$ cat run.cif   # mmCIF, C-alpha atoms; chains and numbers go by the auth columns
data_run
loop_
_atom_site.group_PDB
_atom_site.id
_atom_site.type_symbol
_atom_site.label_atom_id
_atom_site.label_comp_id
_atom_site.label_asym_id
_atom_site.label_seq_id
_atom_site.Cartn_x
_atom_site.Cartn_y
_atom_site.Cartn_z
_atom_site.B_iso_or_equiv
_atom_site.auth_seq_id
_atom_site.auth_asym_id
ATOM 1 C CA MET A 1 0.000 0.000 0.000 0.00 1 A
ATOM 2 C CA ALA A 2 2.742 2.495 0.926 0.00 2 A
ATOM 3 C CA GLN A 3 4.569 1.910 -2.356 0.00 3 A
ATOM 4 C CA MET A 4 1.649 2.956 -4.556 0.00 4 A
ATOM 5 C CA SER A 5 1.615 6.601 -5.653 0.00 5 A
ATOM 6 C CA PRO A 6 -1.606 8.626 -5.531 0.00 6 A
ATOM 7 C CA PHE A 7 -1.698 8.472 -9.324 0.00 7 A
ATOM 8 C CA GLN A 8 -1.277 4.699 -9.408 0.00 8 A
ATOM 9 C CA LEU A 9 -3.982 4.303 -6.783 0.00 9 A
ATOM 10 C CA PHE A 10 -6.496 5.814 -9.219 0.00 10 A
ATOM 11 C CA GLY A 11 -4.993 4.395 -12.413 0.00 11 A
ATOM 12 C CA LEU A 12 -3.742 7.787 -13.631 0.00 12 A
ATOM 13 C CA ASN A 13 -0.512 8.776 -15.318 0.00 13 A
ATOM 14 C CA PRO A 14 1.632 11.058 -13.162 0.00 14 A
ATOM 15 C CA ALA A 15 0.979 14.425 -14.807 0.00 15 A
ATOM 16 C CA PHE A 16 -0.281 17.833 -13.779 0.00 16 A
ATOM 17 C CA THR A 17 -3.169 17.593 -16.224 0.00 17 A
ATOM 18 C CA ILE A 18 -5.637 14.997 -15.014 0.00 18 A
ATOM 19 C CA ASP A 19 -9.204 14.047 -15.828 0.00 19 A
ATOM 20 C CA LEU A 20 -11.058 15.308 -12.748 0.00 20 A
ATOM 21 C CA GLU A 21 -14.249 13.430 -13.672 0.00 21 A
ATOM 22 C CA GLY A 22 -12.235 10.229 -14.077 0.00 22 A
ATOM 23 C CA LEU A 23 -10.560 10.900 -10.724 0.00 23 A
ATOM 24 C CA GLU A 24 -13.966 11.374 -9.083 0.00 24 A
ATOM 25 C CA ALA A 25 -15.280 8.140 -10.606 0.00 25 A
ATOM 26 C CA ALA A 26 -12.184 6.177 -9.536 0.00 26 A
ATOM 27 C CA TYR A 27 -12.481 7.666 -6.054 0.00 27 A
ATOM 28 C CA GLN A 28 -16.116 6.546 -5.763 0.00 28 A
ATOM 29 C CA VAL A 29 -15.239 3.023 -6.927 0.00 29 A
ATOM 30 C CA GLY A 30 -12.331 2.809 -4.492 0.00 30 A
ATOM 31 C CA MET A 31 -14.379 4.035 -1.563 0.00 31 A
ATOM 32 C CA MET A 32 -17.166 1.563 -2.339 0.00 32 A
ATOM 33 C CA LYS A 33 -14.656 -1.292 -2.068 0.00 33 A
ATOM 34 C CA VAL A 34 -13.395 -0.265 1.386 0.00 34 A
ATOM 35 C CA HIS A 35 -16.503 1.336 2.876 0.00 35 A
ATOM 36 C CA PRO A 36 -16.806 0.483 6.605 0.00 36 A
ATOM 37 C CA ASP A 37 -20.319 -0.934 6.115 0.00 37 A
ATOM 38 C CA ARG A 38 -18.850 -3.665 3.915 0.00 38 A
ATOM 39 C CA PHE A 39 -16.539 -4.731 6.742 0.00 39 A
ATOM 40 C CA ALA A 40 -18.865 -4.352 9.740 0.00 40 A
ATOM 41 C CA GLY A 41 -19.137 -8.092 10.395 0.00 41 A
ATOM 42 C CA ARG A 42 -15.510 -8.864 9.533 0.00 42 A
ATOM 43 C CA PRO A 43 -12.631 -9.492 11.927 0.00 43 A
ATOM 44 C CA ALA A 44 -10.957 -6.437 13.479 0.00 44 A
ATOM 45 C CA ALA A 45 -7.812 -6.883 11.376 0.00 45 A
ATOM 46 C CA GLU A 46 -9.827 -6.700 8.138 0.00 46 A
ATOM 47 C CA ARG A 47 -11.692 -3.642 9.400 0.00 47 A
ATOM 48 C CA ARG A 48 -8.389 -1.936 10.225 0.00 48 A
ATOM 49 C CA VAL A 49 -6.985 -2.670 6.762 0.00 49 A
ATOM 50 C CA ALA A 50 -10.169 -1.300 5.167 0.00 50 A
ATOM 51 C CA GLU A 51 -9.874 1.843 7.315 0.00 51 A
ATOM 52 C CA GLN A 52 -6.237 2.253 6.257 0.00 52 A
ATOM 53 C CA TRP A 53 -7.206 1.910 2.600 0.00 53 A
ATOM 54 C CA SER A 54 -10.075 4.345 3.092 0.00 54 A
ATOM 55 C CA THR A 55 -7.690 6.889 4.618 0.00 55 A
ATOM 56 C CA ARG A 56 -5.151 6.364 1.812 0.00 56 A
ATOM 57 C CA ILE A 57 -7.845 6.766 -0.863 0.00 57 A
ATOM 58 C CA ASN A 58 -9.176 9.950 0.772 0.00 58 A
ATOM 59 C CA GLU A 59 -5.711 11.476 1.172 0.00 59 A
ATOM 60 C CA SER A 60 -4.742 10.620 -2.407 0.00 60 A
ATOM 61 C CA TYR A 61 -7.998 12.027 -3.745 0.00 61 A
ATOM 62 C CA GLN A 62 -7.527 15.312 -1.875 0.00 62 A
ATOM 63 C CA LEU A 63 -3.946 15.546 -3.126 0.00 63 A
ATOM 64 C CA LEU A 64 -4.825 14.924 -6.770 0.00 64 A
ATOM 65 C CA LYS A 65 -7.900 17.158 -6.695 0.00 65 A
ATOM 66 C CA SER A 66 -5.860 20.169 -5.566 0.00 66 A
ATOM 67 C CA PRO A 67 -3.668 21.779 -8.256 0.00 67 A
ATOM 68 C CA VAL A 68 -1.199 23.049 -5.624 0.00 68 A
ATOM 69 C CA LYS A 69 -0.882 19.691 -3.857 0.00 69 A
ATOM 70 C CA ARG A 70 -0.704 17.782 -7.151 0.00 70 A
ATOM 71 C CA ALA A 71 2.030 20.053 -8.547 0.00 71 A
ATOM 72 C CA ALA A 72 3.949 19.953 -5.263 0.00 72 A
ATOM 73 C CA TRP A 73 3.793 16.137 -5.214 0.00 73 A
ATOM 74 C CA LEU A 74 5.019 15.918 -8.822 0.00 74 A
ATOM 75 C CA CYS A 75 7.874 18.336 -8.149 0.00 75 A
ATOM 76 C CA GLU A 76 8.868 16.424 -5.021 0.00 76 A
ATOM 77 C CA ALA A 77 8.709 13.087 -6.861 0.00 77 A
ATOM 78 C CA ALA A 78 11.006 14.545 -9.522 0.00 78 A
ATOM 79 C CA GLY A 79 13.508 15.531 -6.826 0.00 79 A
ATOM 80 C CA HIS A 80 12.564 19.209 -6.658 0.00 80 A
ATOM 81 C CA PRO A 81 10.774 19.906 -3.357 0.00 81 A
ATOM 82 C CA LEU A 82 8.971 23.246 -2.943 0.00 82 A
ATOM 83 C CA GLU A 83 10.549 23.986 0.458 0.00 83 A
ATOM 84 C CA ALA A 84 7.646 26.392 0.981 0.00 84 A
ATOM 85 C CA GLU A 85 8.256 26.587 4.736 0.00 85 A
ATOM 86 C CA THR A 86 11.869 27.688 4.415 0.00 86 A
ATOM 87 C CA ASN A 87 12.068 29.396 1.011 0.00 87 A
ATOM 88 C CA THR A 88 9.671 32.314 0.834 0.00 88 A
ATOM 89 C CA SER A 89 11.501 34.343 -1.799 0.00 89 A
ATOM 90 C CA MET A 90 9.406 35.555 -4.718 0.00 90 A
ATOM 91 C CA PRO A 91 10.164 37.658 -7.783 0.00 91 A
ATOM 92 C CA MET A 92 9.883 41.394 -7.051 0.00 92 A
ATOM 93 C CA ASP A 93 7.092 41.925 -9.607 0.00 93 A
ATOM 94 C CA PHE A 94 4.980 39.246 -7.949 0.00 94 A
ATOM 95 C CA LEU A 95 5.617 40.726 -4.508 0.00 95 A
ATOM 96 C CA MET A 96 4.479 44.105 -5.829 0.00 96 A
ATOM 97 C CA THR A 97 1.348 42.466 -7.269 0.00 97 A
ATOM 98 C CA GLN A 98 0.565 40.940 -3.885 0.00 98 A
ATOM 99 C CA ILE A 99 0.997 44.297 -2.149 0.00 99 A
ATOM 100 C CA ALA A 100 -1.276 45.973 -4.702 0.00 100 A
ATOM 101 C CA TRP A 101 -3.921 43.258 -4.236 0.00 101 A
ATOM 102 C CA ARG A 102 -3.821 43.587 -0.457 0.00 102 A
ATOM 103 C CA GLU A 103 -4.108 47.360 -0.652 0.00 103 A
ATOM 104 C CA ALA A 104 -7.003 47.046 -3.112 0.00 104 A
ATOM 105 C CA LEU A 105 -8.655 44.469 -0.856 0.00 105 A
ATOM 106 C CA GLU A 106 -8.370 46.799 2.106 0.00 106 A
ATOM 107 C CA ALA A 107 -9.700 49.737 0.078 0.00 107 A
ATOM 108 C CA ALA A 108 -12.601 47.600 -1.188 0.00 108 A
ATOM 109 C CA GLN A 109 -14.127 47.060 2.258 0.00 109 A
ATOM 110 C CA GLY A 110 -17.873 47.212 1.803 0.00 110 A
ATOM 111 C CA ASP A 111 -17.597 47.740 -1.974 0.00 111 A
ATOM 112 C CA LYS A 112 -18.633 44.452 -3.584 0.00 112 A
ATOM 113 C CA GLU A 113 -17.730 45.569 -7.124 0.00 113 A
ATOM 114 C CA ALA A 114 -14.223 46.636 -6.102 0.00 114 A
ATOM 115 C CA LEU A 115 -13.750 43.432 -4.147 0.00 115 A
ATOM 116 C CA GLU A 116 -14.872 41.368 -7.140 0.00 116 A
ATOM 117 C CA ALA A 117 -12.491 43.278 -9.419 0.00 117 A
ATOM 118 C CA VAL A 118 -9.534 42.367 -7.173 0.00 118 A
ATOM 119 C CA ARG A 119 -10.671 38.739 -7.027 0.00 119 A
ATOM 120 C CA CYS A 120 -11.047 38.602 -10.830 0.00 120 A
ATOM 121 C CA GLU A 121 -7.528 39.946 -11.300 0.00 121 A
ATOM 122 C CA ALA A 122 -6.179 37.256 -8.953 0.00 122 A
ATOM 123 C CA LEU A 123 -8.252 34.559 -10.670 0.00 123 A
ATOM 124 C CA ASP A 124 -6.946 35.643 -14.081 0.00 124 A
ATOM 125 C CA LEU A 125 -3.353 35.388 -12.873 0.00 125 A
ATOM 126 C CA ARG A 126 -4.169 32.027 -11.293 0.00 126 A
ATOM 127 C CA GLU A 127 -5.318 30.713 -14.687 0.00 127 A
ATOM 128 C CA GLU A 128 -2.095 31.949 -16.302 0.00 128 A
ATOM 129 C CA VAL A 129 -0.033 30.250 -13.607 0.00 129 A
ATOM 130 C CA LEU A 130 -1.983 26.982 -13.992 0.00 130 A
ATOM 131 C CA LYS A 131 -1.293 27.006 -17.745 0.00 131 A
ATOM 132 C CA ALA A 132 2.381 27.708 -17.106 0.00 132 A
ATOM 133 C CA ILE A 133 2.594 24.857 -14.567 0.00 133 A
ATOM 134 C CA THR A 134 0.988 22.515 -17.102 0.00 134 A
ATOM 135 C CA GLN A 135 3.606 23.535 -19.659 0.00 135 A
ATOM 136 C CA ALA A 136 6.494 23.287 -17.186 0.00 136 A
ATOM 137 C CA ILE A 137 5.544 19.851 -15.837 0.00 137 A
ATOM 138 C CA ASP A 138 3.692 18.027 -18.613 0.00 138 A
ATOM 139 C CA VAL A 139 5.559 19.376 -21.642 0.00 139 A
ATOM 140 C CA ASP A 140 8.974 20.783 -20.742 0.00 140 A
ATOM 141 C CA GLY A 141 9.927 18.905 -17.577 0.00 141 A
ATOM 142 C CA ALA A 142 11.186 22.275 -16.307 0.00 142 A
ATOM 143 C CA TRP A 143 11.124 21.371 -12.648 0.00 143 A
ATOM 144 C CA GLN A 144 12.665 24.507 -11.132 0.00 144 A
ATOM 145 C CA GLN A 145 10.171 26.604 -13.079 0.00 145 A
ATOM 146 C CA ALA A 146 7.382 24.292 -11.904 0.00 146 A
ATOM 147 C CA VAL A 147 8.546 24.744 -8.286 0.00 147 A
ATOM 148 C CA ASP A 148 8.559 28.544 -8.621 0.00 148 A
ATOM 149 C CA LEU A 149 5.149 28.579 -10.303 0.00 149 A
ATOM 150 C CA THR A 150 3.650 26.226 -7.723 0.00 150 A
ATOM 151 C CA ARG A 151 4.864 28.459 -4.915 0.00 151 A
ATOM 152 C CA LYS A 152 3.308 31.415 -6.740 0.00 152 A
ATOM 153 C CA LEU A 153 0.040 29.465 -7.041 0.00 153 A
ATOM 154 C CA MET A 154 0.118 28.842 -3.282 0.00 154 A
ATOM 155 C CA PHE A 155 0.296 32.589 -2.636 0.00 155 A
ATOM 156 C CA ILE A 156 -2.510 33.322 -5.100 0.00 156 A
ATOM 157 C CA ASP A 157 -4.771 30.653 -3.594 0.00 157 A
ATOM 158 C CA ARG A 158 -4.076 31.952 -0.091 0.00 158 A
ATOM 159 C CA PHE A 159 -4.943 35.484 -1.204 0.00 159 A
ATOM 160 C CA LEU A 160 -8.171 34.273 -2.834 0.00 160 A
ATOM 161 C CA GLU A 161 -9.165 32.486 0.376 0.00 161 A
ATOM 162 C CA GLU A 162 -8.604 35.701 2.308 0.00 162 A
ATOM 163 C CA ALA A 163 -10.501 37.721 -0.308 0.00 163 A
ATOM 164 C CA VAL A 164 -13.524 35.435 0.042 0.00 164 A
ATOM 165 C CA SER A 165 -13.577 35.840 3.820 0.00 165 A
ATOM 166 C CA GLU A 166 -13.563 39.645 3.526 0.00 166 A
#
$ encode --input "run.cif" --output "structure tokens"
Amino acid sequence: MAQMSPFQLFGLNPAFTIDLEGLEAAYQVGMMKVHPDRFAGRPAAERRVAEQWSTRINESYQLLKSPVKRAAWLCEAAGHPLEAETNTSMPMDFLMTQIAWREALEAAQGDKEALEAVRCEALDLREEVLKAITQAIDVDGAWQQAVDLTRKLMFIDRFLEEAVSE
């Protein structure tokens, strides 16, 4: 069980671009096989194994469903960890963009149109970054670029989460 990658678990090729509907279907099939109700009358050891598989399927599904987690896993598997906890450096232009977004978010308090404009700008950049990650990982194998882009995506997603809670 520990040797199987999240991609292998769902019968997918390790790539940034995945079929999300296929992932969902494979997830449902996998969960049906290990659902606790199917093991209710079984020995404790079998129930524990089913619970372990259920946990593994859930964790793998969450990883593959998330573009940030999926890209980070692929980078790590290729020997290029994100080191997001220790390496927080970003290009100056992106730092300036973040500052501008935060200032615009603060200025937009109570103004739904202004808030939506800031969110749309962030969402547009997010789409550009997702396309660039796809190119870097699936086409070019440019792992350092993929690492940098994935870290940028993390910042964008975090900003969007904060913008929603405003």
$ atom_distance --input "run.cif" --atom1 "CA of Gln28 (chain A)" --atom2 "CA of Ala44 (chain A)"
23.8 Å
$ closest_residue --input "run.cif" --among "A:Phe16, A:Phe94, A:Tyr61, A:Phe159" --to "Ala136 (chain A)" --atoms "all atoms listed in the file"
A:Phe16
$ atom_distance --input "run.cif" --atom1 "CA of Ala163 (chain A)" --atom2 "CA of Trp101 (chain A)"
9.5 Å
$ residues_around --input "run.cif" --residues "region 77-85 of chain A" --least-positions-apart "3" --cutoff "7 Å" --atoms "all atoms listed in the file" --output "list of chain:residue names"
A:Ala72, A:Trp73, A:Leu74, A:Thr88, A:Trp143, A:Gln144, A:Val147, A:Arg151
$ closest_residue --input "run.cif" --among "A:Gln3, A:Ala114, A:Asp37, A:Leu64" --to "Leu20 (chain A)" --atoms "all atoms listed in the file"
A:Leu64
$ closest_residue --input "run.cif" --among "A:Leu160, A:Arg42, A:Thr86, A:Gly22" --to "Leu123 (chain A)" --atoms "all atoms listed in the file"
A:Leu160
$ closest_residue --input "run.cif" --among "A:Ala117, A:Leu153, A:Ala142, A:Ala108" --to "Met90 (chain A)" --atoms "all atoms listed in the file"
A:Leu153
$ build_atoms --input "run.cif" --residues "region 154-165 of chain A" --atoms "all heavy atoms" --output "tab-separated table (two decimals), in the coordinates of the input"
chain	number	residue	atom	x	y	z
A	154	MET	N	0.45	28.92	-4.70
A	154	MET	CA	0.12	28.84	-3.28
A	154	MET	C	-0.24	30.22	-2.74
A	154	MET	O	-1.23	30.38	-2.02
A	154	MET	CB	1.30	28.26	-2.49
A	154	MET	CG	1.56	26.80	-2.73
A	154	MET	SD	3.10	26.25	-1.95
A	154	MET	CE	2.68	26.43	-0.23
A	155	PHE	N	0.56	31.23	-3.10
A	155	PHE	CA	0.30	32.59	-2.64
A	155	PHE	C	-1.02	33.11	-3.20
A	155	PHE	O	-1.80	33.75	-2.48
A	155	PHE	CB	1.45	33.52	-3.04
A	155	PHE	CG	2.64	33.44	-2.13
A	155	PHE	CD1	3.70	32.61	-2.44
A	155	PHE	CD2	2.70	34.20	-0.97
A	155	PHE	CE1	4.81	32.54	-1.61
A	155	PHE	CE2	3.80	34.14	-0.13
A	155	PHE	CZ	4.85	33.30	-0.45
A	156	ILE	N	-1.26	32.86	-4.47
A	156	ILE	CA	-2.51	33.32	-5.10
A	156	ILE	C	-3.71	32.67	-4.42
A	156	ILE	O	-4.69	33.34	-4.09
A	156	ILE	CB	-2.51	33.04	-6.62
A	156	ILE	CG1	-1.42	33.86	-7.31
A	156	ILE	CG2	-3.88	33.33	-7.23
A	156	ILE	CD1	-1.15	33.45	-8.76
A	157	ASP	N	-3.65	31.36	-4.23
A	157	ASP	CA	-4.77	30.65	-3.59
A	157	ASP	C	-5.01	31.16	-2.17
A	157	ASP	O	-6.16	31.33	-1.75
A	157	ASP	CB	-4.53	29.15	-3.59
A	157	ASP	CG	-4.79	28.49	-4.94
A	157	ASP	OD1	-5.25	29.20	-5.88
A	157	ASP	OD2	-4.55	27.28	-5.06
A	158	ARG	N	-3.94	31.43	-1.45
A	158	ARG	CA	-4.08	31.95	-0.09
A	158	ARG	C	-4.75	33.33	-0.13
A	158	ARG	O	-5.64	33.63	0.66
A	158	ARG	CB	-2.71	32.04	0.60
A	158	ARG	CG	-2.82	32.27	2.09
A	158	ARG	CD	-1.48	32.15	2.81
A	158	ARG	NE	-0.79	30.92	2.49
A	158	ARG	CZ	0.49	30.86	2.06
A	158	ARG	NH1	1.20	31.95	1.92
A	158	ARG	NH2	1.06	29.70	1.81
A	159	PHE	N	-4.32	34.16	-1.07
A	159	PHE	CA	-4.94	35.48	-1.20
A	159	PHE	C	-6.43	35.35	-1.53
A	159	PHE	O	-7.27	36.05	-0.96
A	159	PHE	CB	-4.24	36.32	-2.29
A	159	PHE	CG	-4.96	37.61	-2.56
A	159	PHE	CD1	-4.81	38.69	-1.71
A	159	PHE	CD2	-5.82	37.72	-3.64
A	159	PHE	CE1	-5.49	39.87	-1.94
A	159	PHE	CE2	-6.52	38.90	-3.88
A	159	PHE	CZ	-6.35	39.98	-3.02
A	160	LEU	N	-6.76	34.46	-2.44
A	160	LEU	CA	-8.17	34.27	-2.83
A	160	LEU	C	-9.01	33.79	-1.65
A	160	LEU	O	-10.16	34.20	-1.51
A	160	LEU	CB	-8.28	33.32	-4.03
A	160	LEU	CG	-7.86	33.93	-5.36
A	160	LEU	CD1	-7.70	32.84	-6.43
A	160	LEU	CD2	-8.86	35.00	-5.81
A	161	GLU	N	-8.45	32.92	-0.83
A	161	GLU	CA	-9.16	32.49	0.38
A	161	GLU	C	-9.43	33.66	1.29
A	161	GLU	O	-10.53	33.80	1.84
A	161	GLU	CB	-8.36	31.42	1.13
A	161	GLU	CG	-8.36	30.07	0.46
A	161	GLU	CD	-7.44	29.08	1.17
A	161	GLU	OE1	-7.12	29.29	2.36
A	161	GLU	OE2	-7.05	28.09	0.53
A	162	GLU	N	-8.43	34.52	1.45
A	162	GLU	CA	-8.60	35.70	2.31
A	162	GLU	C	-9.61	36.66	1.69
A	162	GLU	O	-10.40	37.27	2.42
A	162	GLU	CB	-7.26	36.41	2.49
A	162	GLU	CG	-6.28	35.61	3.31
A	162	GLU	CD	-4.88	36.22	3.31
A	162	GLU	OE1	-4.73	37.41	2.93
A	162	GLU	OE2	-3.93	35.51	3.68
A	163	ALA	N	-9.58	36.80	0.37
A	163	ALA	CA	-10.50	37.72	-0.31
A	163	ALA	C	-11.95	37.26	-0.19
A	163	ALA	O	-12.85	38.09	-0.13
A	163	ALA	CB	-10.11	37.87	-1.78
A	164	VAL	N	-12.16	35.97	-0.11
A	164	VAL	CA	-13.52	35.44	0.04
A	164	VAL	C	-14.03	35.73	1.45
A	164	VAL	O	-15.21	36.04	1.64
A	164	VAL	CB	-13.54	33.91	-0.24
A	164	VAL	CG1	-14.85	33.30	0.21
A	164	VAL	CG2	-13.31	33.65	-1.71
A	165	SER	N	-13.15	35.65	2.43
A	165	SER	CA	-13.58	35.84	3.82
A	165	SER	C	-13.77	37.32	4.16
A	165	SER	O	-14.26	37.63	5.23
A	165	SER	CB	-12.57	35.20	4.78
A	165	SER	OG	-11.32	35.84	4.68
